[in-house]
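*Asks:* Next comes the structure file entry.pdb, holding PDB, C-alpha atoms, pLDDT in the B column.
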ATOM      1  CA  MET A   7      58.212 -10.334   1.342  1.00 55.00           C
ATOM      2  CA  SER A   8      56.790 -13.553  -0.034  1.00 57.00           C
ATOM      3  CA  ASP A   9      53.432 -14.881   1.104  1.00 64.00           C
ATOM      4  CA  ASN A  10      55.137 -17.571   3.196  1.00 70.00           C
ATOM      5  CA  GLN A  11      57.192 -14.984   5.096  1.00 85.00           C
ATOM      6  CA  LEU A  12      54.196 -12.981   6.300  1.00 92.00           C
ATOM      7  CA  THR A  13      53.828 -12.957  10.070  1.00 95.00           C
ATOM      8  CA  ILE A  14      50.577 -13.380  11.960  1.00 96.00           C
ATOM      9  CA  ARG A  15      50.584  -9.615  12.512  1.00 97.00           C
ATOM     10  CA  ASP A  16      51.133  -8.970   8.770  1.00 97.00           C
ATOM     11  CA  ARG A  17      48.115 -11.113   7.937  1.00 97.00           C
ATOM     12  CA  LEU A  18      45.937  -9.525  10.628  1.00 98.00           C
ATOM     13  CA  GLU A  19      46.876  -6.047   9.394  1.00 98.00           C
ATOM     14  CA  ALA A  20      46.045  -7.033   5.812  1.00 98.00           C
ATOM     15  CA  ILE A  21      42.667  -8.366   6.960  1.00 98.00           C
ATOM     16  CA  LEU A  22      41.959  -5.159   8.888  1.00 98.00           C
ATOM     17  CA  GLU A  23      42.927  -3.071   5.868  1.00 98.00           C
ATOM     18  CA  SER A  24      40.455  -5.020   3.730  1.00 98.00           C
ATOM     19  CA  ILE A  25      37.724  -4.658   6.353  1.00 98.00           C
ATOM     20  CA  ASN A  26      38.254  -0.912   6.535  1.00 98.00           C
ATOM     21  CA  LEU A  27      38.081  -0.615   2.759  1.00 98.00           C
ATOM     22  CA  ILE A  28      34.857  -2.627   2.666  1.00 98.00           C
ATOM     23  CA  ILE A  29      33.368  -0.320   5.298  1.00 97.00           C
ATOM     24  CA  GLU A  30      34.488   2.751   3.353  1.00 96.00           C
ATOM     25  CA  TRP A  31      33.140   1.473   0.036  1.00 96.00           C
ATOM     26  CA  THR A  32      29.758   0.484   1.491  1.00 93.00           C
ATOM     27  CA  ASP A  33      29.105   3.839   3.134  1.00 87.00           C
ATOM     28  CA  GLY A  34      25.435   4.622   2.606  1.00 89.00           C
ATOM     29  CA  ARG A  35      24.728   1.327   0.837  1.00 94.00           C
ATOM     30  CA  LYS A  36      22.658  -1.049   2.970  1.00 94.00           C
ATOM     31  CA  THR A  37      21.070  -3.371   0.396  1.00 96.00           C
ATOM     32  CA  ALA A  38      22.187  -5.244  -2.687  1.00 96.00           C
ATOM     33  CA  HIS A  39      19.886  -2.974  -4.672  1.00 96.00           C
ATOM     34  CA  ASP A  40      21.785   0.066  -3.358  1.00 96.00           C
ATOM     35  CA  PHE A  41      24.950  -1.339  -4.906  1.00 96.00           C
ATOM     36  CA  MET A  42      23.353  -2.282  -8.203  1.00 95.00           C
ATOM     37  CA  LEU A  43      21.751   1.119  -8.891  1.00 95.00           C
ATOM     38  CA  THR A  44      24.802   2.704 -10.499  1.00 95.00           C
ATOM     39  CA  PRO A  45      27.997   1.641 -12.254  1.00 96.00           C
ATOM     40  CA  THR A  46      29.939   3.100  -9.320  1.00 95.00           C
ATOM     41  CA  GLY A  47      27.899   0.993  -6.914  1.00 96.00           C
ATOM     42  CA  VAL A  48      28.546  -2.146  -8.952  1.00 96.00           C
ATOM     43  CA  MET A  49      32.247  -1.329  -8.971  1.00 96.00           C
ATOM     44  CA  ALA A  50      32.190  -0.848  -5.172  1.00 97.00           C
ATOM     45  CA  PHE A  51      30.361  -4.164  -4.772  1.00 96.00           C
ATOM     46  CA  ASN A  52      32.919  -5.978  -6.919  1.00 95.00           C
ATOM     47  CA  ALA A  53      35.757  -4.369  -4.976  1.00 97.00           C
ATOM     48  CA  CYS A  54      34.202  -5.520  -1.698  1.00 97.00           C
ATOM     49  CA  VAL A  55      33.892  -9.060  -3.037  1.00 96.00           C
ATOM     50  CA  MET A  56      37.562  -9.055  -3.995  1.00 96.00           C
ATOM     51  CA  ARG A  57      38.477  -7.834  -0.505  1.00 97.00           C
ATOM     52  CA  PHE A  58      36.502 -10.736   0.963  1.00 97.00           C
ATOM     53  CA  GLN A  59      38.692 -12.960  -1.174  1.00 96.00           C
ATOM     54  CA  VAL A  60      41.813 -11.327   0.304  1.00 97.00           C
ATOM     55  CA  ILE A  61      40.425 -11.728   3.826  1.00 98.00           C
ATOM     56  CA  GLY A  62      39.648 -15.381   3.179  1.00 97.00           C
ATOM     57  CA  GLU A  63      43.102 -16.064   1.788  1.00 96.00           C
ATOM     58  CA  HIS A  64      44.746 -14.699   4.924  1.00 97.00           C
ATOM     59  CA  ILE A  65      42.282 -16.529   7.168  1.00 97.00           C
ATOM     60  CA  GLY A  66      43.145 -19.757   5.357  1.00 96.00           C
ATOM     61  CA  LYS A  67      46.832 -19.238   6.108  1.00 96.00           C
ATOM     62  CA  LEU A  68      46.090 -18.376   9.750  1.00 97.00           C
ATOM     63  CA  LEU A  69      43.946 -21.503  10.113  1.00 96.00           C
ATOM     64  CA  LYS A  70      47.036 -23.534   9.211  1.00 95.00           C
ATOM     65  CA  ASN A  71      49.379 -21.569  11.487  1.00 94.00           C
ATOM     66  CA  GLU A  72      50.803 -23.688  14.308  1.00 93.00           C
ATOM     67  CA  ASP A  73      50.253 -20.867  16.839  1.00 93.00           C
ATOM     68  CA  LYS A  74      46.473 -21.118  16.238  1.00 95.00           C
ATOM     69  CA  PRO A  75      45.823 -17.355  16.589  1.00 95.00           C
ATOM     70  CA  LEU A  76      42.186 -17.684  15.516  1.00 96.00           C
ATOM     71  CA  ASP A  77      41.336 -20.053  18.365  1.00 95.00           C
ATOM     72  CA  LYS A  78      41.017 -17.064  20.698  1.00 93.00           C
ATOM     73  CA  PHE A  79      37.764 -16.116  18.935  1.00 96.00           C
ATOM     74  CA  PRO A  80      35.769 -19.336  18.481  1.00 95.00           C
ATOM     75  CA  ASN A  81      32.577 -17.319  17.884  1.00 95.00           C
ATOM     76  CA  ILE A  82      33.908 -16.166  14.495  1.00 96.00           C
ATOM     77  CA  PRO A  83      33.154 -18.716  11.726  1.00 96.00           C
ATOM     78  CA  TRP A  84      36.730 -18.836  10.422  1.00 97.00           C
ATOM     79  CA  ASN A  85      36.162 -21.872   8.202  1.00 96.00           C
ATOM     80  CA  ALA A  86      33.075 -20.262   6.673  1.00 95.00           C
ATOM     81  CA  ILE A  87      35.114 -17.131   5.879  1.00 96.00           C
ATOM     82  CA  TYR A  88      37.698 -19.288   4.146  1.00 95.00           C
ATOM     83  CA  GLY A  89      34.864 -21.138   2.387  1.00 94.00           C
ATOM     84  CA  MET A  90      33.495 -17.833   1.106  1.00 93.00           C
ATOM     85  CA  ARG A  91      36.931 -17.102  -0.351  1.00 94.00           C
ATOM     86  CA  ASN A  92      36.881 -20.430  -2.176  1.00 91.00           C
ATOM     87  CA  PHE A  93      33.384 -19.796  -3.496  1.00 93.00           C
ATOM     88  CA  ILE A  94      34.362 -16.334  -4.731  1.00 92.00           C
ATOM     89  CA  SER A  95      37.465 -17.751  -6.392  1.00 89.00           C
ATOM     90  CA  HIS A  96      35.747 -20.628  -8.149  1.00 90.00           C
ATOM     91  CA  GLU A  97      32.124 -19.487  -8.585  1.00 87.00           C
ATOM     92  CA  TYR A  98      32.423 -15.717  -9.074  1.00 81.00           C
ATOM     93  CA  ALA A  99      29.588 -15.607 -11.599  1.00 84.00           C
ATOM     94  CA  ASN A 100      27.243 -17.252  -9.079  1.00 87.00           C
ATOM     95  CA  ILE A 101      27.777 -14.873  -6.161  1.00 91.00           C
ATOM     96  CA  ASP A 102      24.553 -13.960  -4.381  1.00 93.00           C
ATOM     97  CA  GLU A 103      24.600 -10.198  -3.850  1.00 94.00           C
ATOM     98  CA  GLU A 104      22.244 -10.521  -0.860  1.00 95.00           C
ATOM     99  CA  VAL A 105      24.663 -12.861   0.923  1.00 94.00           C
ATOM    100  CA  ILE A 106      27.557 -10.464   0.391  1.00 96.00           C
ATOM    101  CA  VAL A 107      25.589  -7.449   1.626  1.00 96.00           C
ATOM    102  CA  SER A 108      24.280  -9.407   4.606  1.00 95.00           C
ATOM    103  CA  THR A 109      27.856 -10.380   5.457  1.00 95.00           C
ATOM    104  CA  ILE A 110      28.938  -6.747   5.219  1.00 96.00           C
ATOM    105  CA  ASN A 111      26.114  -5.520   7.435  1.00 95.00           C
ATOM    106  CA  GLU A 112      25.968  -8.331   9.980  1.00 94.00           C
ATOM    107  CA  ASP A 113      29.388  -9.988  10.174  1.00 95.00           C
ATOM    108  CA  VAL A 114      32.054  -7.448   9.256  1.00 96.00           C
ATOM    109  CA  PRO A 115      31.696  -5.359  12.452  1.00 96.00           C
ATOM    110  CA  GLU A 116      32.235  -8.411  14.680  1.00 96.00           C
ATOM    111  CA  LEU A 117      35.123  -9.596  12.510  1.00 98.00           C
ATOM    112  CA  LYS A 118      36.723  -6.161  12.721  1.00 98.00           C
ATOM    113  CA  HIS A 119      36.478  -6.215  16.500  1.00 97.00           C
ATOM    114  CA  ALA A 120      38.090  -9.680  16.683  1.00 97.00           C
ATOM    115  CA  ILE A 121      40.940  -8.704  14.362  1.00 98.00           C
ATOM    116  CA  GLU A 122      41.623  -5.506  16.326  1.00 98.00           C
ATOM    117  CA  LYS A 123      41.721  -7.516  19.570  1.00 96.00           C
ATOM    118  CA  MET A 124      44.115 -10.050  18.053  1.00 96.00           C
ATOM    119  CA  LEU A 125      46.389  -7.271  16.860  1.00 96.00           C
ATOM    120  CA  GLU A 126      46.818  -6.248  20.506  1.00 95.00           C
ATOM    121  CA  ASP A 127      48.530  -9.614  21.085  1.00 92.00           C
ATOM    122  CA  TYR A 128      50.648  -9.760  17.927  1.00 92.00           C
TER     123      TYR A 128
END
When written as structure tokens, how does the structure in this file appear?
*Replies:*
Amino acid sequence: MSDNQLTIRDRLEAILESINLIIEWTDGRKTAHDFMLTPTGVMAFNACVMRFQVIGEHIGKLLKNEDKPLDKFPNIPWNAIYGMRNFISHEYANIDEEVIVSTINEDVPELKHAIEKMLEDY
């Protein structure tokens, strides 16, 4: 299936998959320092960053969807999530590890809840 043929549900499921992987890979790591202590931690950090890029790509497509599925959760900063994707894509070498870890700890749980609720409708 090409990217343009993905349904809202397909995109929401892909976002949820990425969220669940981020949660799995961050298990026991609460700070940027925790990630940077070992090569495995650095690899997990980089994998999480790439999953944020995937999430942002799908969010960008959903923002343009005529059904406006994201409007049901105005408390989620959808444009900021898409902006993070753009930053990761174009400024990878300048990523602030603290921002990524803060996003994981503070924002991912709420995003997961919103995506799971949306999946009930799609």
*Asks:* Counting all atoms listed in the file, which of A:Thr109, A:Thr37, A:Ser95, A:Asn26 gets nearest to Glu63 of chain A?
*Replies:*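 The closest residue to Glu63 of chain A is A:Ser95.
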*Asks:* Pick the closest to Asn92 of chain A from A:Val105, A:Leu76, A:Ile14, A:Met56: which is it, counting only C-alpha atoms?
*Replies:*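 Counting only C-alpha atoms, the residue closest to Asn92 of chain A is A:Met56.
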*Asks:* Give me the result of the PyMOL selection byres ((chain A and resi 40-51) around 12) on this file, residue by residue, as a list in words.
*Replies:*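 Against this file, the PyMOL selection byres ((chain A and resi 40-51) around 12) returns the residues Leu27, Ile28, Ile29, Glu30, Trp31, Thr32, Asp33, Gly34, Arg35, Lys36, Thr37, Ala38, His39, Asn52, Ala53, Cys54, Val55, Met56, Arg57, Phe58, Ile101, Asp102, Glu103, Glu104, Val105, Ile106, Val107 and Ile110 of chain A.
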*Asks:* Kindly indicate which residue among A:Gly66, A:Lys78, A:Leu12, A:Ala99 lies nearest to Lys123 of chain A, using only C-alpha atoms for the distances.
*Replies:*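 Closest candidate: A:Lys78.
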*Asks:* Out of A:Asn111, A:Asn85, A:Asn100, A:Ser24, which residue has the shortest atom-to-atom distance to Lys70 of chain A when counting all atoms listed in the file?
*Replies:*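 Checking each candidate against Lys70 of chain A, we get A:Asn85 as the closest.
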*Asks:* Any idea what the distance is between atom CA of Glu122 of chain A and atom CA of Pro75 of chain A?
*Replies:*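 Computed distance, atom CA of Glu122 of chain A to atom CA of Pro75 of chain A, equals 12.6 Å.
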*Asks:* Which one of A:Ala86, A:Gln11, A:Asp73, A:Glu23 sits closest to Tyr128 of chain A if you count only C-alpha atoms?
*Replies:*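 Checking each candidate against Tyr128 of chain A, we get A:Asp73 as the closest.
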*Asks:* Which one of A:Lys74, A:Leu69, A:Pro115, A:Gln59 sits closest to Tyr98 of chain A if you count all atoms listed in the file?
*Replies:*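 So, comparing all the options, the nearest one is A:Gln59.
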*Asks:* Hey, what comes out of the PyMOL selection byres ((chain A and resi 22) around 10) on this file? Could you write it as a VMD selection string?
*Replies:* chain A and resid 16 to 21 23 to 28 61 117 to 122 125
*Asks:* Could you check how far atom CA of Glu112 of chain A sits from atom CA of Gly89 of chain A, in Å to one decimal?
*Replies:* 17.3 Å
*Asks:* Quick check, in Å to one decimal: how far apart do atom CA of Ser108 of chain A and atom CA of Arg15 of chain A lie?
*Replies:*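 Computing the Euclidean distance for atom CA of Ser108 of chain A and atom CA of Arg15 of chain A yields 27.5 Å.
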